[in-house]
Amino acid sequence: MEDGEVPRQPPKPPPAPDEQSVAKANEAIAIRPKRGRLTLLSRRIYNALLYHSQRQGVDEPVYKLALSELIGDARFNSNNTELLKSHLRDMQATTIEWSTSGTGLKRWVSSQLLGTVTIEEQGRGRPCTITWRYPEEIRERLVKPHQYTRVLLEISGQMRSYPAAVLYEIGARYLSSPSRLSMREDVLWWAAVLTGRSDITEVDYRFLKRDVISKALAEIDALCEDFSLELIEHKQGRRVEEIQFRVLPKLQQRLGAADDPSRNVFDLELVGKLIALGLKQDEAQDLYATTDEGQLRGALEHVEQRLRSQALPELKSPAAYFKDALKKGYAGVKGAIEVSEPASALALTQGRAAAPSGEDRMHRIRELWENDRMQKAKALYLEMPEAMQAEMRSRFEAERLAQIAAPIARAWRRDGPASRIAATTFHRWLAQVTWPEEPSDRVLLDFALAQGVAGM
């Protein structure tokens with residue numbers, strides 16, 4: 001893995017006890033796999049393993065943890081150990097390169113991302129445990145790094161795509177840099193880093209920008225409270241050869257800003273696209289303020305694809321078609337299942353991307369089910385009398401607030417459920433306390449069929 005210029009960072013105070021943060025080596029942030037592939041879930045699992053490794057100490061050759069604790073910290077939301085094992089295998093099969101230089105010394109190391117992993121299922125009524133190792137050459141640099149970036153597991157876990165998770169960590173790394181400029185690399189390098197794939201041989205930058213970069217930037221802008229990112233393109237002639245990102249800190253909202261009617265409009269471009277479909281401005285802004293942004297984008301992409309279709313009759317009312325697609329929710333569900341990787345649209349490689357496995361598909365269906373349940377909890381909260389709403393907010397603060405990351409807790413104390421970043425955590429908690437039962441595979445399959453998920 002190539003490592004660009006490392007910005008000098010002042011010493012950082014240790015995190016507060018309620019913050020789950022991992023000190024991630026700067027070399028381990030922009031990972032470009034040389035063999036194998038990485039996914040959003042494998043990145044979450046890796047961060048969680050690093051977090052617990054650092055708590056147990058660099059002197060430990062083997063690290064051990066209750067499997068249930070790893071599943072919770074990685075936001076895995078499943079007891080399917082076979083699916084977990086498949087992601088662990090991906091990390092073991094992924095080869096990365098570490099390049100460092102010092103006074104008169106240059107060092108290159110090629111290594112696995114993760115060493116030996118053991119899962120022990122000790123029988124009924126006894127907890128399952130997981131033990132893991134790191135390759136000896138890089139263990140100390142991972143567990144006790146000299147130059148690192150603090151990554152909050154709670155915020156990292158909110159990212160819904162692999163490119164956004166990568167860019168969030170890159171933004172966190174360069175936020176404290178004087179220039180606030182990320183590494184500058186060629187388009188092929190960025191395509192591999194942002195997709196977690198090692199088999200990329202060529203890139204059409206137009207598709208990379210449209211299908212990967214722009215969506216990830218919008219996701220970070222919506223979910224990250226501390227900064228946003230700006231894409232910088234470096235051209236030779238008319239061709240974009242290299243890119244980098246500028247980190248743009250978000251100014252702290254002043255006290256009382258929740259009364260500002262414009263503060264909930266995070267993405268005016270998205271609102272503008274809704275207006276372009278034929279929605280009135282007030283209707284578009286109200287829809288944006290009360291609807292999950294991911295669902296809005298999924299439905300909008302579906303309508304835009306429908307409008308571009310030459311094989312189907314022309315839409316008489318794109319606005320009505322959009323509202324119907326959003327209400328039924330099928331556009332976002334189909335998109336999440338059918339386009340599990342952006343590779344086909346990007347033309348990133350000579351060959352076709354492998355189809356998602358049955359286990360991966362079930363995991364994505366579960367995430368969609370969780371999101372659907374969270375939206376129902378949100379609707380339920382809005383229907384509650386004011387006194388009951390106040391009771392649920394108080395209960396959330398008593399049971400959950402001390403466990404979430406400080407930026408999210410600050411957003412909650414400032415804006416309550418009106419905060420987009422804190423509202424997601426609140427509505428997820430509300431769904432869990434309202435419907436605590438775990439869904440069976442049959443329930444998930446019935447949900448998939450009802451939503452029209454492809455491949456069921």
# chains A, B, ... in the order shown; residues from 1 in each chain; ligands from 1

call {"tool": "select_by_dssp", "arguments": {"residues": "range 111-238 of chain A", "states": "strand (DSSP E)", "output": "VMD selection string"}}
result
chain A and resid 111 to 112 117 to 120 129 to 132 148 to 152 185 to 186 227 to 236

call {"tool": "residues_around", "arguments": {"residues": "Leu315 in chain A", "least_positions_apart": "5", "cutoff": "9 Å", "atoms": "only C-alpha atoms", "output": "list in words"}}
result
Arg306, Leu307 and Tyr321 of chain A

call {"tool": "write_last_selection", "arguments": {"atoms": "all heavy atoms", "output": "PDB file, in the first residue's frame"}}
result
ATOM      1  N   ARG A 306     -35.571   5.195 -15.313  1.00  0.00           N
ATOM      2  CA  ARG A 306     -36.816   5.008 -16.079  1.00  0.00           C
ATOM      3  C   ARG A 306     -36.974   6.082 -17.155  1.00  0.00           C
ATOM      4  O   ARG A 306     -37.394   5.785 -18.281  1.00  0.00           O
ATOM      5  CB  ARG A 306     -37.998   5.056 -15.093  1.00  0.00           C
ATOM      6  CG  ARG A 306     -39.369   5.015 -15.738  1.00  0.00           C
ATOM      7  CD  ARG A 306     -39.633   3.699 -16.449  1.00  0.00           C
ATOM      8  NE  ARG A 306     -40.977   3.653 -16.996  1.00  0.00           N
ATOM      9  CZ  ARG A 306     -41.342   4.236 -18.135  1.00  0.00           C
ATOM     10  NH1 ARG A 306     -40.437   4.918 -18.835  1.00  0.00           N
ATOM     11  NH2 ARG A 306     -42.577   4.149 -18.559  1.00  0.00           N
ATOM     12  N   LEU A 307     -36.595   7.305 -16.838  1.00  0.00           N
ATOM     13  CA  LEU A 307     -36.701   8.385 -17.819  1.00  0.00           C
ATOM     14  C   LEU A 307     -35.724   8.195 -18.979  1.00  0.00           C
ATOM     15  O   LEU A 307     -36.003   8.608 -20.110  1.00  0.00           O
ATOM     16  CB  LEU A 307     -36.437   9.741 -17.141  1.00  0.00           C
ATOM     17  CG  LEU A 307     -37.523  10.248 -16.180  1.00  0.00           C
ATOM     18  CD1 LEU A 307     -37.034  11.463 -15.407  1.00  0.00           C
ATOM     19  CD2 LEU A 307     -38.794  10.600 -16.963  1.00  0.00           C
ATOM     20  N   TYR A 321     -44.846   9.438 -10.498  1.00  0.00           N
ATOM     21  CA  TYR A 321     -44.149   8.149 -10.553  1.00  0.00           C
ATOM     22  C   TYR A 321     -43.129   8.054  -9.411  1.00  0.00           C
ATOM     23  O   TYR A 321     -42.997   7.014  -8.768  1.00  0.00           O
ATOM     24  CB  TYR A 321     -43.451   8.008 -11.903  1.00  0.00           C
ATOM     25  CG  TYR A 321     -42.783   6.670 -12.127  1.00  0.00           C
ATOM     26  CD1 TYR A 321     -43.513   5.568 -12.568  1.00  0.00           C
ATOM     27  CD2 TYR A 321     -41.427   6.499 -11.896  1.00  0.00           C
ATOM     28  CE1 TYR A 321     -42.909   4.336 -12.775  1.00  0.00           C
ATOM     29  CE2 TYR A 321     -40.809   5.276 -12.088  1.00  0.00           C
ATOM     30  CZ  TYR A 321     -41.554   4.202 -12.538  1.00  0.00           C
ATOM     31  OH  TYR A 321     -40.954   2.986 -12.724  1.00  0.00           O
TER      32      TYR A 321
END

call {"tool": "closest_residue", "arguments": {"among": "A:Ala431, A:Leu83, A:Val109, A:Leu41", "to": "Asn371 in chain A", "atoms": "only C-alpha atoms"}}
result
A:Ala431

call {"tool": "closest_residue", "arguments": {"among": "A:Tyr162, A:Tyr174, A:Tyr134, A:Trp189", "to": "Leu40 in chain A", "atoms": "only C-alpha atoms"}}
result
A:Tyr162

call {"tool": "residues_around", "arguments": {"residues": "range 147-149 of chain A", "least_positions_apart": "2", "cutoff": "7 Å", "atoms": "only C-alpha atoms", "output": "PyMOL selection string"}}
result
chain A and resi 23-26+145+151+172-173

call {"tool": "write_last_selection", "arguments": {"atoms": "C-alpha atoms", "output": "short mmCIF file (atom, residue, chain, number, x, y, z; two decimals), in the first residue's frame"}}
result
data_model
loop_
_atom_site.label_atom_id
_atom_site.label_comp_id
_atom_site.auth_asym_id
_atom_site.auth_seq_id
_atom_site.Cartn_x
_atom_site.Cartn_y
_atom_site.Cartn_z
CA ALA A 23 -6.26 4.57 16.72
CA LYS A 24 -5.91 3.48 13.12
CA ALA A 25 -2.44 3.57 11.58
CA ASN A 26 -2.39 6.08 8.74
CA PRO A 145 0.85 2.96 15.76
CA VAL A 151 -11.82 6.60 13.98
CA ALA A 172 -10.70 12.23 9.61
CA ARG A 173 -6.99 11.76 8.89
#

call {"tool": "closest_residue", "arguments": {"among": "A:Arg297, A:Lys209, A:Arg373, A:Lys215", "to": "Ile232 in chain A", "atoms": "only C-alpha atoms"}}
result
A:Lys209

call {"tool": "atom_distance", "arguments": {"atom1": "CA of Leu223 in chain A", "atom2": "CA of Pro439 in chain A"}}
result
27.2 Å

call {"tool": "residues_around", "arguments": {"residues": "Arg395 in chain A", "least_positions_apart": "4", "cutoff": "12 Å", "atoms": "only C-alpha atoms", "output": "list in words"}}
result
Met388, Gln389, Ala390, Glu391, Glu399, Arg400, Leu401, Ala402, Phe426, Trp429, Leu430 and Val433 of chain A

call {"tool": "atom_distance", "arguments": {"atom1": "CA of Asp415 in chain A", "atom2": "CA of Gly298 in chain A"}}
result
26.6 Å

call {"tool": "atom_distance", "arguments": {"atom1": "CA of Ser42 in chain A", "atom2": "CA of Ile96 in chain A"}}
result
14.7 Å

call {"tool": "closest_residue", "arguments": {"among": "A:Ser177, A:Ser161, A:Gln54, A:Gln305", "to": "Leu194 in chain A", "atoms": "only C-alpha atoms"}}
result
A:Ser161

call {"tool": "residues_around", "arguments": {"residues": "range 235-246 of chain A", "least_positions_apart": "2", "cutoff": "6 Å", "atoms": "only C-alpha atoms", "output": "number ranges by chain"}}
result
A: 180-187, 229-233

call {"tool": "write_last_selection", "arguments": {"atoms": "all heavy atoms", "output": "CSV table (one decimal), in the first residue's frame"}}
result
chain,number,residue,atom,x,y,z
A,180,ARG,N,-5.1,20.4,4.8
A,180,ARG,CA,-6.4,19.7,4.7
A,180,ARG,C,-6.6,19.0,3.3
A,180,ARG,O,-7.7,18.9,2.8
A,180,ARG,CB,-7.6,20.6,5.0
A,180,ARG,CG,-7.6,21.1,6.5
A,180,ARG,CD,-9.0,21.5,6.9
A,180,ARG,NE,-9.0,21.8,8.3
A,180,ARG,CZ,-8.9,23.0,8.8
A,180,ARG,NH1,-8.9,24.1,8.0
A,180,ARG,NH2,-9.0,23.3,10.1
A,181,LEU,N,-5.5,18.7,2.7
A,181,LEU,CA,-5.5,18.0,1.4
A,181,LEU,C,-5.1,16.6,1.5
A,181,LEU,O,-4.0,16.3,2.2
A,181,LEU,CB,-4.6,18.7,0.4
A,181,LEU,CG,-5.0,20.1,-0.1
A,181,LEU,CD1,-3.9,20.7,-1.0
A,181,LEU,CD2,-6.3,20.0,-0.9
A,182,SER,N,-5.8,15.7,0.9
A,182,SER,CA,-5.5,14.2,1.0
A,182,SER,C,-4.3,13.9,0.1
A,182,SER,O,-3.8,14.8,-0.6
A,182,SER,CB,-6.7,13.4,0.6
A,182,SER,OG,-6.9,13.4,-0.8
A,183,MET,N,-3.9,12.7,0.1
A,183,MET,CA,-2.9,12.2,-0.9
A,183,MET,C,-3.5,12.4,-2.3
A,183,MET,O,-4.7,12.4,-2.6
A,183,MET,CB,-2.6,10.7,-0.7
A,183,MET,CG,-3.8,9.8,-0.9
A,183,MET,SD,-5.0,9.7,0.4
A,183,MET,CE,-4.2,8.7,1.6
A,184,ARG,N,-2.5,12.7,-3.3
A,184,ARG,CA,-2.9,12.8,-4.7
A,184,ARG,C,-2.4,11.6,-5.4
A,184,ARG,O,-1.2,11.3,-5.5
A,184,ARG,CB,-2.2,14.1,-5.2
A,184,ARG,CG,-2.4,14.3,-6.7
A,184,ARG,CD,-1.8,15.7,-7.1
A,184,ARG,NE,-1.7,15.8,-8.6
A,184,ARG,CZ,-1.3,16.9,-9.2
A,184,ARG,NH1,-0.9,18.0,-8.5
A,184,ARG,NH2,-1.2,17.0,-10.5
A,185,GLU,N,-3.3,10.9,-6.0
A,185,GLU,CA,-3.0,9.6,-6.7
A,185,GLU,C,-3.8,9.5,-8.0
A,185,GLU,O,-4.7,10.3,-8.3
A,185,GLU,CB,-3.3,8.4,-5.8
A,185,GLU,CG,-2.6,8.4,-4.5
A,185,GLU,CD,-1.1,8.0,-4.6
A,185,GLU,OE1,-0.7,7.6,-5.7
A,185,GLU,OE2,-0.4,8.1,-3.6
A,186,ASP,N,-3.3,8.6,-8.8
A,186,ASP,CA,-4.0,8.4,-10.1
A,186,ASP,C,-5.4,7.8,-10.0
A,186,ASP,O,-5.7,7.2,-8.9
A,186,ASP,CB,-3.1,7.6,-11.1
A,186,ASP,CG,-2.9,6.2,-10.6
A,186,ASP,OD1,-3.8,5.4,-10.6
A,186,ASP,OD2,-1.7,5.9,-10.1
A,187,VAL,N,-6.1,7.9,-11.0
A,187,VAL,CA,-7.5,7.4,-11.0
A,187,VAL,C,-7.6,5.9,-10.7
A,187,VAL,O,-8.5,5.5,-9.9
A,187,VAL,CB,-8.2,7.8,-12.3
A,187,VAL,CG1,-9.6,7.1,-12.4
A,187,VAL,CG2,-8.4,9.3,-12.4
A,229,LEU,N,-16.2,16.7,2.3
A,229,LEU,CA,-15.1,16.5,1.4
A,229,LEU,C,-15.4,17.2,0.0
A,229,LEU,O,-16.5,17.1,-0.5
A,229,LEU,CB,-14.7,15.1,1.2
A,229,LEU,CG,-14.2,14.3,2.5
A,229,LEU,CD1,-14.0,12.8,2.1
A,229,LEU,CD2,-12.9,14.9,2.9
A,230,GLU,N,-14.4,17.7,-0.5
A,230,GLU,CA,-14.5,18.3,-1.9
A,230,GLU,C,-13.5,17.6,-2.8
A,230,GLU,O,-12.3,17.4,-2.5
A,230,GLU,CB,-14.1,19.8,-1.8
A,230,GLU,CG,-14.1,20.5,-3.2
A,230,GLU,CD,-13.6,21.9,-3.1
A,230,GLU,OE1,-12.8,22.2,-2.2
A,230,GLU,OE2,-13.9,22.7,-4.0
A,231,LEU,N,-14.0,17.2,-4.0
A,231,LEU,CA,-13.2,16.5,-5.0
A,231,LEU,C,-12.3,17.5,-5.7
A,231,LEU,O,-12.8,18.5,-6.2
A,231,LEU,CB,-14.1,15.7,-5.9
A,231,LEU,CG,-13.4,15.0,-7.1
A,231,LEU,CD1,-12.5,13.9,-6.7
A,231,LEU,CD2,-14.5,14.5,-8.1
A,232,ILE,N,-11.1,17.2,-5.9
A,232,ILE,CA,-10.2,18.0,-6.7
A,232,ILE,C,-9.6,17.1,-7.8
A,232,ILE,O,-9.0,16.1,-7.6
A,232,ILE,CB,-9.0,18.5,-5.9
A,232,ILE,CG1,-9.5,19.4,-4.7
A,232,ILE,CG2,-8.0,19.4,-6.7
A,232,ILE,CD1,-8.4,19.8,-3.7
A,233,GLU,N,-9.8,17.6,-9.1
A,233,GLU,CA,-9.4,16.8,-10.2
A,233,GLU,C,-8.1,17.5,-10.8
A,233,GLU,O,-8.1,18.7,-11.0
A,233,GLU,CB,-10.5,16.8,-11.3
A,233,GLU,CG,-11.8,16.2,-10.8
A,233,GLU,CD,-12.9,16.2,-11.8
A,233,GLU,OE1,-12.9,17.2,-12.6
A,233,GLU,OE2,-13.8,15.4,-11.7

call {"tool": "select_by_dssp", "arguments": {"residues": "range 106-337 of chain A", "states": "alpha helix (DSSP H)", "output": "PDB file with C-alpha atoms, in the first residue's frame"}}
result
ATOM      1  CA  GLU A 136       4.178 -10.294  13.052  1.00  0.00           C
ATOM      2  CA  GLU A 137       5.756  -7.802  10.636  1.00  0.00           C
ATOM      3  CA  ILE A 138       2.879  -5.339  10.972  1.00  0.00           C
ATOM      4  CA  ARG A 139       1.334  -6.241  14.358  1.00  0.00           C
ATOM      5  CA  GLU A 140       3.000  -3.505  16.393  1.00  0.00           C
ATOM      6  CA  ARG A 141       2.333  -0.857  13.755  1.00  0.00           C
ATOM      7  CA  LEU A 142      -1.354  -1.790  13.800  1.00  0.00           C
ATOM      8  CA  VAL A 143      -1.885  -2.206  17.533  1.00  0.00           C
ATOM      9  CA  LEU A 153     -16.774   3.107  15.462  1.00  0.00           C
ATOM     10  CA  GLU A 154     -20.258   4.579  15.902  1.00  0.00           C
ATOM     11  CA  ILE A 155     -19.864   7.095  13.077  1.00  0.00           C
ATOM     12  CA  SER A 156     -17.907   4.713  10.841  1.00  0.00           C
ATOM     13  CA  TYR A 162     -17.638   1.007   1.308  1.00  0.00           C
ATOM     14  CA  PRO A 163     -16.469   4.142  -0.591  1.00  0.00           C
ATOM     15  CA  ALA A 164     -18.070   6.410   2.038  1.00  0.00           C
ATOM     16  CA  ALA A 165     -16.429   4.443   4.868  1.00  0.00           C
ATOM     17  CA  VAL A 166     -13.016   4.860   3.217  1.00  0.00           C
ATOM     18  CA  LEU A 167     -13.488   8.567   2.524  1.00  0.00           C
ATOM     19  CA  TYR A 168     -14.741   9.164   6.069  1.00  0.00           C
ATOM     20  CA  GLU A 169     -11.472   7.780   7.463  1.00  0.00           C
ATOM     21  CA  ILE A 170      -9.414   9.761   4.933  1.00  0.00           C
ATOM     22  CA  GLY A 171     -11.295  12.920   5.919  1.00  0.00           C
ATOM     23  CA  ALA A 172     -10.699  12.233   9.612  1.00  0.00           C
ATOM     24  CA  ARG A 173      -6.992  11.758   8.886  1.00  0.00           C
ATOM     25  CA  TYR A 174      -6.479  15.030   7.012  1.00  0.00           C
ATOM     26  CA  VAL A 187      -7.540   7.405 -10.963  1.00  0.00           C
ATOM     27  CA  LEU A 188      -6.763   3.664 -11.072  1.00  0.00           C
ATOM     28  CA  TRP A 189      -5.285   3.815  -7.547  1.00  0.00           C
ATOM     29  CA  TRP A 190      -8.378   5.567  -6.198  1.00  0.00           C
ATOM     30  CA  ALA A 191     -10.721   3.115  -7.935  1.00  0.00           C
ATOM     31  CA  ALA A 192      -9.044   0.184  -6.156  1.00  0.00           C
ATOM     32  CA  VAL A 193      -8.985   1.972  -2.781  1.00  0.00           C
ATOM     33  CA  LEU A 194     -12.607   3.139  -2.944  1.00  0.00           C
ATOM     34  CA  THR A 195     -14.020  -0.222  -4.046  1.00  0.00           C
ATOM     35  CA  TYR A 205     -13.411   8.092 -14.765  1.00  0.00           C
ATOM     36  CA  ARG A 206     -16.854   9.413 -15.718  1.00  0.00           C
ATOM     37  CA  PHE A 207     -18.503   6.349 -14.216  1.00  0.00           C
ATOM     38  CA  LEU A 208     -16.171   6.262 -11.213  1.00  0.00           C
ATOM     39  CA  SER A 214     -20.303  11.570  -5.893  1.00  0.00           C
ATOM     40  CA  LYS A 215     -22.546   9.192  -3.947  1.00  0.00           C
ATOM     41  CA  ALA A 216     -19.924   8.694  -1.235  1.00  0.00           C
ATOM     42  CA  LEU A 217     -19.399  12.454  -0.874  1.00  0.00           C
ATOM     43  CA  ALA A 218     -23.158  12.995  -0.511  1.00  0.00           C
ATOM     44  CA  GLU A 219     -23.335  10.232   2.094  1.00  0.00           C
ATOM     45  CA  ILE A 220     -20.536  11.772   4.169  1.00  0.00           C
ATOM     46  CA  ASP A 221     -22.087  15.230   3.922  1.00  0.00           C
ATOM     47  CA  ALA A 222     -25.362  13.843   5.271  1.00  0.00           C
ATOM     48  CA  LEU A 223     -23.951  11.632   8.045  1.00  0.00           C
ATOM     49  CA  LEU A 268     -29.948  21.612  -1.889  1.00  0.00           C
ATOM     50  CA  GLU A 269     -28.865  19.786  -5.041  1.00  0.00           C
ATOM     51  CA  LEU A 270     -31.011  16.791  -4.111  1.00  0.00           C
ATOM     52  CA  VAL A 271     -33.966  19.070  -3.358  1.00  0.00           C
ATOM     53  CA  GLY A 272     -33.393  20.717  -6.741  1.00  0.00           C
ATOM     54  CA  LYS A 273     -33.576  17.349  -8.479  1.00  0.00           C
ATOM     55  CA  LEU A 274     -36.919  16.665  -6.803  1.00  0.00           C
ATOM     56  CA  ILE A 275     -38.206  20.037  -8.003  1.00  0.00           C
ATOM     57  CA  ALA A 276     -36.969  19.242 -11.525  1.00  0.00           C
ATOM     58  CA  GLN A 281     -40.528  23.609  -3.789  1.00  0.00           C
ATOM     59  CA  ASP A 282     -42.342  23.418  -0.438  1.00  0.00           C
ATOM     60  CA  GLU A 283     -43.356  19.816  -1.127  1.00  0.00           C
ATOM     61  CA  ALA A 284     -39.788  18.850  -2.076  1.00  0.00           C
ATOM     62  CA  GLN A 285     -38.308  20.440   1.058  1.00  0.00           C
ATOM     63  CA  ASP A 286     -40.934  18.846   3.325  1.00  0.00           C
ATOM     64  CA  LEU A 287     -40.292  15.469   1.708  1.00  0.00           C
ATOM     65  CA  TYR A 288     -36.548  15.843   2.217  1.00  0.00           C
ATOM     66  CA  ALA A 289     -36.975  16.832   5.872  1.00  0.00           C
ATOM     67  CA  THR A 290     -39.248  13.887   6.742  1.00  0.00           C
ATOM     68  CA  GLU A 293     -32.143  10.373   2.497  1.00  0.00           C
ATOM     69  CA  GLY A 294     -31.053   6.951   1.277  1.00  0.00           C
ATOM     70  CA  GLN A 295     -34.625   6.095   0.289  1.00  0.00           C
ATOM     71  CA  LEU A 296     -34.973   9.425  -1.508  1.00  0.00           C
ATOM     72  CA  ARG A 297     -31.801   8.834  -3.499  1.00  0.00           C
ATOM     73  CA  GLY A 298     -32.771   5.261  -4.331  1.00  0.00           C
ATOM     74  CA  ALA A 299     -36.196   6.303  -5.622  1.00  0.00           C
ATOM     75  CA  LEU A 300     -34.709   9.243  -7.531  1.00  0.00           C
ATOM     76  CA  GLU A 301     -32.119   7.036  -9.240  1.00  0.00           C
ATOM     77  CA  HIS A 302     -34.882   4.602 -10.176  1.00  0.00           C
ATOM     78  CA  VAL A 303     -36.947   7.381 -11.788  1.00  0.00           C
ATOM     79  CA  GLU A 304     -33.916   8.779 -13.612  1.00  0.00           C
ATOM     80  CA  GLN A 305     -33.162   5.336 -15.038  1.00  0.00           C
ATOM     81  CA  ARG A 306     -36.816   5.008 -16.079  1.00  0.00           C
ATOM     82  CA  LEU A 307     -36.701   8.385 -17.819  1.00  0.00           C
ATOM     83  CA  ARG A 308     -33.587   7.352 -19.773  1.00  0.00           C
ATOM     84  CA  PRO A 318     -42.356  11.886 -13.329  1.00  0.00           C
ATOM     85  CA  ALA A 319     -43.329  13.501  -9.998  1.00  0.00           C
ATOM     86  CA  ALA A 320     -46.271  11.140  -9.494  1.00  0.00           C
ATOM     87  CA  TYR A 321     -44.149   8.149 -10.553  1.00  0.00           C
ATOM     88  CA  PHE A 322     -41.459   9.203  -8.063  1.00  0.00           C
ATOM     89  CA  LYS A 323     -43.912   9.508  -5.168  1.00  0.00           C
ATOM     90  CA  ASP A 324     -45.384   6.109  -5.985  1.00  0.00           C
ATOM     91  CA  ALA A 325     -41.912   4.509  -6.128  1.00  0.00           C
ATOM     92  CA  LEU A 326     -40.976   6.138  -2.826  1.00  0.00           C
ATOM     93  CA  LYS A 327     -44.209   5.018  -1.164  1.00  0.00           C
ATOM     94  CA  LYS A 328     -43.796   1.399  -2.280  1.00  0.00           C
ATOM     95  CA  TYR A 330     -39.254  -1.070  -4.190  1.00  0.00           C
ATOM     96  CA  ALA A 331     -36.734   1.102  -6.012  1.00  0.00           C
ATOM     97  CA  GLY A 332     -34.298   1.377  -3.146  1.00  0.00           C
ATOM     98  CA  VAL A 333     -34.626  -2.315  -2.236  1.00  0.00           C
ATOM     99  CA  LYS A 334     -34.020  -3.533  -5.766  1.00  0.00           C
ATOM    100  CA  GLY A 335     -31.098  -1.194  -6.198  1.00  0.00           C
ATOM    101  CA  ALA A 336     -29.424  -2.378  -3.024  1.00  0.00           C
ATOM    102  CA  ILE A 337     -29.728  -6.039  -4.005  1.00  0.00           C
TER     103      ILE A 337
END

call {"tool": "closest_residue", "arguments": {"among": "A:Glu202, A:Lys34, A:Leu65, A:Ser309", "to": "Glu97 in chain A", "atoms": "only C-alpha atoms"}}
result
A:Lys34

call {"tool": "closest_residue", "arguments": {"among": "A:Gln122, A:Gln158, A:Ser111, A:Thr424", "to": "Met374 in chain A", "atoms": "only C-alpha atoms"}}
result
A:Thr424
